[in-house]
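The data block below is my_file24.cif; it holds mmCIF, C-alpha atoms.
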data_protein
loop_
_atom_site.label_atom_id
_atom_site.label_comp_id
_atom_site.auth_asym_id
_atom_site.auth_seq_id
_atom_site.Cartn_x
_atom_site.Cartn_y
_atom_site.Cartn_z
CA MET T 1 -5.76 9.03 16.06
CA LEU T 2 -5.25 5.23 15.97
CA GLY T 3 -4.52 5.34 19.70
CA LEU T 4 -1.05 6.75 18.99
CA PRO T 5 0.78 8.48 21.86
CA LYS T 6 0.00 12.16 22.32
CA SER T 7 3.70 12.90 21.84
CA THR T 8 3.35 11.91 18.17
CA GLU T 9 0.52 14.34 17.44
CA PHE T 10 1.33 17.00 14.86
CA ASN T 11 -2.06 18.14 13.52
CA LYS T 12 -0.83 20.44 10.79
CA ARG T 13 -2.93 21.15 7.74
CA ILE T 14 -1.18 20.59 4.40
CA PRO T 15 -2.67 22.57 1.49
CA LYS T 16 -3.53 20.05 -1.21
CA GLN T 17 -2.28 22.56 -3.78
CA LYS T 18 1.23 21.77 -2.53
CA PHE T 19 1.04 18.49 -4.41
CA TYR T 20 0.08 19.87 -7.80
CA ASP T 21 0.93 23.59 -8.01
CA ASN T 22 4.22 24.24 -9.82
CA LEU T 23 4.56 20.51 -10.56
CA THR T 24 4.31 18.78 -13.91
CA ILE T 25 1.30 16.54 -13.45
CA SER T 26 -1.52 15.66 -15.79
CA PRO T 27 -4.76 17.69 -15.81
CA ALA T 28 -6.62 14.48 -14.84
CA LEU T 29 -4.48 13.98 -11.74
CA LYS T 30 -4.89 17.61 -10.73
CA ARG T 31 -8.65 17.23 -11.14
CA SER T 32 -8.55 14.19 -8.84
CA PHE T 33 -6.85 16.28 -6.14
CA VAL T 34 -9.40 19.07 -6.55
CA ASP T 35 -12.54 16.93 -6.79
CA GLN T 36 -11.78 13.98 -4.54
CA ILE T 37 -9.92 15.55 -1.60
CA ARG T 38 -11.45 18.02 0.83
CA ILE T 39 -8.54 18.52 3.24
CA ILE T 40 -5.23 16.91 4.25
CA TYR T 41 -3.83 16.90 7.79
CA TRP T 42 -0.38 15.78 8.89
CA ALA T 43 -1.85 14.09 11.95
CA ASN T 44 1.08 12.24 13.53
CA LYS T 45 4.83 11.80 13.27
CA ILE T 46 6.18 8.46 14.47
CA ALA T 47 9.92 8.72 15.06
CA PRO T 48 12.49 8.10 17.84
CA SER T 49 12.15 11.80 18.66
CA THR T 50 8.39 11.52 19.31
CA VAL T 51 7.95 8.04 20.80
CA ASN T 52 10.13 5.55 22.66
CA LEU T 53 11.37 3.54 19.69
CA ALA T 54 14.82 2.67 18.39
CA GLU T 55 15.93 3.99 15.03
CA GLY T 56 15.37 1.88 11.95
CA LYS T 57 17.81 1.02 9.16
CA ALA T 58 15.39 1.48 6.26
CA VAL T 59 12.71 3.67 7.86
CA THR T 60 13.62 6.91 9.61
CA GLU T 61 10.10 8.06 10.50
CA ILE T 62 6.48 7.41 9.56
CA GLU T 63 4.05 10.23 8.82
CA VAL T 64 0.35 9.68 9.42
CA LEU T 65 -1.73 11.72 6.97
CA LEU T 66 -5.46 12.14 7.53
CA VAL T 67 -7.13 12.73 4.17
CA ARG T 68 -10.76 13.87 4.29
CA LEU T 69 -12.53 13.01 1.05
CA ASN T 70 -15.47 14.37 -0.90
CA GLN T 71 -16.41 10.85 -2.01
CA ASP T 72 -15.71 7.25 -1.00
CA THR T 73 -13.05 6.61 -3.66
CA LEU T 74 -9.61 8.09 -4.23
CA ASP T 75 -7.44 7.72 -7.31
CA GLU T 76 -4.36 5.69 -6.33
CA ASN T 77 -2.24 8.05 -8.44
CA VAL T 78 -3.04 10.78 -5.91
CA LEU T 79 -1.43 8.71 -3.17
CA ARG T 80 1.57 8.05 -5.40
CA GLN T 81 1.98 11.77 -6.04
CA ILE T 82 1.92 12.52 -2.30
CA ASP T 83 4.37 9.68 -1.67
CA ARG T 84 6.72 11.15 -4.29
CA GLU T 85 6.71 14.59 -2.69
CA ILE T 86 7.18 13.51 0.95
CA PRO T 87 10.51 11.71 1.49
CA TYR T 88 9.29 9.55 4.36
CA HIS T 89 7.13 6.49 4.80
CA ILE T 90 3.45 7.42 5.00
CA LEU T 91 0.40 5.84 6.59
CA PHE T 92 -2.72 7.31 5.00
CA VAL T 93 -5.99 7.41 6.91
CA LEU T 94 -8.87 8.26 4.58
CA GLU T 95 -12.09 9.65 6.05
CA TYR T 96 -15.48 9.97 4.39
CA ASP T 97 -18.94 10.25 5.89
CA GLY T 98 -17.84 9.12 9.36
CA LYS T 99 -16.00 6.01 8.11
CA TYR T 100 -12.26 5.43 7.86
CA LYS T 101 -9.89 3.43 5.69
CA ALA T 102 -6.16 2.85 6.27
CA VAL T 103 -3.90 2.75 3.20
CA ILE T 104 -0.16 2.21 3.06
CA GLY T 105 2.32 1.74 0.24
CA TYR T 106 5.19 -0.69 0.34
CA LYS T 107 8.07 1.74 -0.23
CA GLU T 108 11.71 1.05 -0.99
CA ALA T 109 14.59 3.43 -1.49
CA ALA T 110 14.78 4.50 -5.13
CA GLY T 111 17.89 3.31 -6.89
CA SER T 112 18.17 6.46 -8.98
CA GLY T 113 16.36 9.62 -10.00
CA LYS T 114 15.01 12.47 -7.90
CA ALA T 115 12.52 10.44 -5.88
CA ALA T 116 13.62 9.21 -2.45
CA PHE T 117 11.37 6.15 -2.68
CA LYS T 118 9.54 3.98 -5.15
CA VAL T 119 6.17 2.51 -4.21
CA ASP T 120 5.71 -1.12 -5.21
CA ARG T 121 1.99 -1.32 -4.40
CA TYR T 122 -0.67 -0.16 -1.95
CA TYR T 123 -2.56 -2.14 0.63
CA GLN T 124 -5.80 -0.97 2.22
CA THR T 125 -8.51 -1.89 4.67
CA GLY T 126 -12.23 -1.60 4.06
CA TRP T 127 -14.32 1.32 5.30
CA VAL T 128 -14.87 0.98 9.06
CA LEU T 129 -15.36 3.10 12.17
CA GLU T 130 -12.15 4.73 13.36
CA ASN T 131 -11.83 2.47 16.42
CA GLU T 132 -12.24 -0.60 14.18
CA LEU T 133 -9.17 0.12 12.05
CA PRO T 134 -6.79 -2.87 12.47
CA VAL T 135 -3.78 -0.60 12.90
CA HIS T 136 -1.75 -0.29 16.09
CA LEU T 137 1.78 0.64 17.11
CA ASP T 138 3.75 -2.59 17.40
CA GLY T 139 7.53 -3.06 17.30
CA LEU T 140 10.73 -2.05 19.05
CA ASN T 141 12.11 0.09 16.22
CA ILE T 142 10.76 2.16 13.34
CA ASP T 143 11.48 -0.56 10.76
CA ALA T 144 9.38 -3.06 12.73
CA VAL T 145 6.53 -0.58 13.25
CA TYR T 146 6.37 0.10 9.51
CA GLU T 147 6.47 -3.61 8.62
CA ASN T 148 3.69 -4.32 11.10
CA PHE T 149 1.57 -1.46 9.72
CA VAL T 150 1.86 -2.96 6.23
CA ARG T 151 1.03 -6.48 7.41
CA GLN T 152 -1.86 -5.28 9.62
CA ILE T 153 -3.43 -3.36 6.74
CA ALA T 154 -2.80 -6.08 4.15
CA GLY T 155 -4.37 -8.70 6.43
CA ASP T 156 -4.41 -12.25 5.06
CA THR T 157 -2.75 -11.14 1.83
CA LEU T 158 0.69 -10.95 3.45
CA GLN T 159 0.26 -13.53 6.20
CA THR T 160 2.85 -16.29 6.07
CA SER T 161 3.57 -19.47 7.98
CA THR T 162 7.33 -18.87 7.74
CA PRO T 163 8.45 -16.29 10.31
CA GLN T 164 11.79 -15.93 8.49
CA GLU T 165 10.10 -14.39 5.45
CA THR T 166 10.86 -10.68 5.18
CA LEU T 167 8.30 -8.05 4.24
CA LYS T 168 10.06 -7.62 0.89
CA GLU T 169 9.71 -11.36 0.23
CA SER T 170 6.04 -11.33 1.27
CA VAL T 171 5.29 -8.47 -1.12
CA ALA T 172 7.22 -10.18 -3.93
CA ARG T 173 5.16 -13.34 -3.33
CA ASP T 174 1.96 -11.27 -3.49
CA ASP T 175 3.13 -9.64 -6.73
CA ARG T 176 3.85 -13.08 -8.21
CA ARG T 177 0.40 -14.30 -7.13
CA ASP T 178 -1.26 -11.40 -8.98
CA GLU T 179 0.89 -12.03 -12.05
CA LEU T 180 -0.01 -15.74 -12.08
CA GLN T 181 -3.72 -15.02 -11.71
CA LYS T 182 -3.56 -12.68 -14.72
CA GLN T 183 -1.64 -15.25 -16.78
CA ILE T 184 -4.15 -17.96 -15.87
CA SER T 185 -7.10 -15.77 -16.89
CA LYS T 186 -5.49 -14.91 -20.24
CA LEU T 187 -4.60 -18.53 -20.93
CA GLN T 188 -8.11 -19.73 -20.09
CA ALA T 189 -9.52 -17.21 -22.58
CA LYS T 190 -7.10 -18.45 -25.27
CA ILE T 191 -8.02 -22.07 -24.62
CA ARG T 192 -11.71 -21.29 -25.08
CA LYS T 193 -11.00 -19.73 -28.50
CA GLU T 194 -8.47 -22.32 -29.72
CA LYS T 195 -9.86 -24.77 -32.33
CA GLN T 196 -6.86 -27.10 -32.67
CA LEU T 197 -6.83 -29.96 -30.18
CA ASN T 198 -3.04 -30.23 -29.98
CA ARG T 199 -2.74 -26.51 -29.14
CA GLN T 200 -5.47 -26.89 -26.51
CA MET T 201 -3.52 -29.73 -24.93
CA GLU T 202 -0.30 -27.70 -24.90
CA MET T 203 -2.03 -24.72 -23.30
CA ASN T 204 -3.81 -26.93 -20.76
CA ALA T 205 -0.43 -28.33 -19.72
CA GLU T 206 0.87 -24.78 -19.26
CA LEU T 207 -2.29 -23.87 -17.35
CA LYS T 208 -1.73 -26.80 -15.00
CA LYS T 209 1.83 -25.60 -14.29
CA LEU T 210 0.65 -22.06 -13.52
CA ARG T 211 -2.10 -23.32 -11.22
CA LYS T 212 0.36 -25.56 -9.38
CA GLU T 213 2.72 -22.63 -8.80
CA LEU T 214 -0.18 -20.47 -7.60
CA GLU T 215 -1.30 -23.22 -5.25
CA GLY T 216 2.24 -23.40 -3.86
CA LEU T 217 2.21 -19.66 -3.14
CA ASP T 218 -1.17 -19.84 -1.44
CA THR T 219 -0.07 -22.66 0.87
CA CYS T 220 2.50 -20.24 2.34
CA ASN T 221 -0.37 -18.29 3.95
#
Show me, as structure tokens, the structure contained in the file I just sent.
Amino acid sequence: MLGLPKSTEFNKRIPKQKFYDNLTISPALKRSFVDQIRIIYWANKIAPSTVNLAEGKAVTEIEVLLVRLNQDTLDENVLRQIDREIPYHILFVLEYDGKYKAVIGYKEAAGSGKAAFKVDRYYQTGWVLENELPVHLDGLNIDAVYENFVRQIAGDTLQTSTPQETLKESVARDDRRDELQKQISKLQAKIRKEKQLNRQMEMNAELKKLRKELEGLDTCN
């Protein structure tokens, strides 16, 4: 899969019940596992022990999970549940009706609690043929391979013209972009409803500031 070295192949089926039996999850999430997922395979293990890569500081190994679906959508909370239960970084490859989609979460070590990691957000490709997935092994250590997977899957979203920008900074910039877009939409709706001219002017000034900041973020791409 994904042209990964044969030495990384694992090909072990993981019962989907593992992720909801004996765990406190909502009935809706359990139903998503049952209805949306057909089968899960642990397809590959990318680690210094399976491929010629140096160890990473933040990433010890990357698991590639092939998830065969019963439909072309998957509840993101299902991915979060799997990410919680497996204490490694995961590259998901979803398969439905002969098409494939790569999905990966930006994971950081959890500061506290039982979870090993917290997932900031997920990035995904569109549905394509397997050989069209824009995912390939690139990097000299596991940290670099993981970062490149995230950037490859995110595409233009995380592209930057400053090579010094870390993945963490790129994701934070993307988070801020989303936040600004939501604030702009809310403010535009308020302006349309506002009757007082002075309040409209105040909000338009704020809107201009938000748009300028958003424009500044977008010029980094």
Give me the residues of stretch 70-112 of chain T that have any atom at most 10 Å from an atom of stretch 165-179 of chain T; for each, the nearest atom pair and the distance in Å, rounded to one decimal. Use all atoms listed in the file, sort by chain and number, and format it as CSV.
residue,atom,partner,partner_atom,distance
T:Tyr106,CA,T:Val171,CA,7.9
T:Lys107,CA,T:Lys168,CA,9.6
T:Glu108,CA,T:Lys168,CA,9.0
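Distance annotation: of T:Val150, T:Leu2, T:Leu69, T:Ala102, the residue with the minimal separation from T:Gly126 is T:Ala102; atom set is all atoms listed in the file.
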Just the number, please: distance in Å from atom CA of T:Leu140 to atom CA of T:Asp120, one decimal.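 So the answer is 24.8 Å.
Omitting T:Ala154 and its sequence neighbours fewer than 5 positions away, and counting all atoms listed in the file, the residues within 10 Å are Ala102, Val103, Ile104, Tyr122, Tyr123, Gln124, Thr125, Pro134, Asn148, Phe149, Gln159 and Val171 of chain T.
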Near T:Lys190, counting only C-alpha atoms, which residues have an atom at most 12 Å away, once you skip same-chain residues fewer than 2 positions from it, shown as a ChimeraX atom specification? /T:183-188,192-196,199-204,206-207
